[in-house]
Amino acid sequence: MTDGEKDSVVGAVTTLGRGLMTALPAQFLALCMVTLVFNLGMLWFWMHETDQRARLIGRVLDACIPHMPAHD
C-alpha cells in the first residue's frame, strides 16, 4: 500500500479490518460469518415469501372482484 493509499478512507478501513482480523479469535470470526449467512438467507426467504404472497393475493382478488355485487 502506498503512502497516498494509507491516508485515504479506503486505506484506513483496510488497516482497521486487518487489525480486527488479527485481534479477534477465529471462533468469533466464524460465528460472525455463520450469522451473516443465516441473516442473508432469512432476508432472501422473506423477500421470496412476500413476493409469492402478493402474487397469490392478486390472483384471489382478480377472481373475486367480478363476482362482487354492484353498488348503486
# chains A, B, ... in the order shown; residues from 1 in each chain; ligands from 1

$ select_by_dssp --residues "stretch 1-70 of chain A" --states "alpha helix (DSSP H)" --output "VMD selection string"
chain A and resid 3 to 6 9 to 23 26 to 64
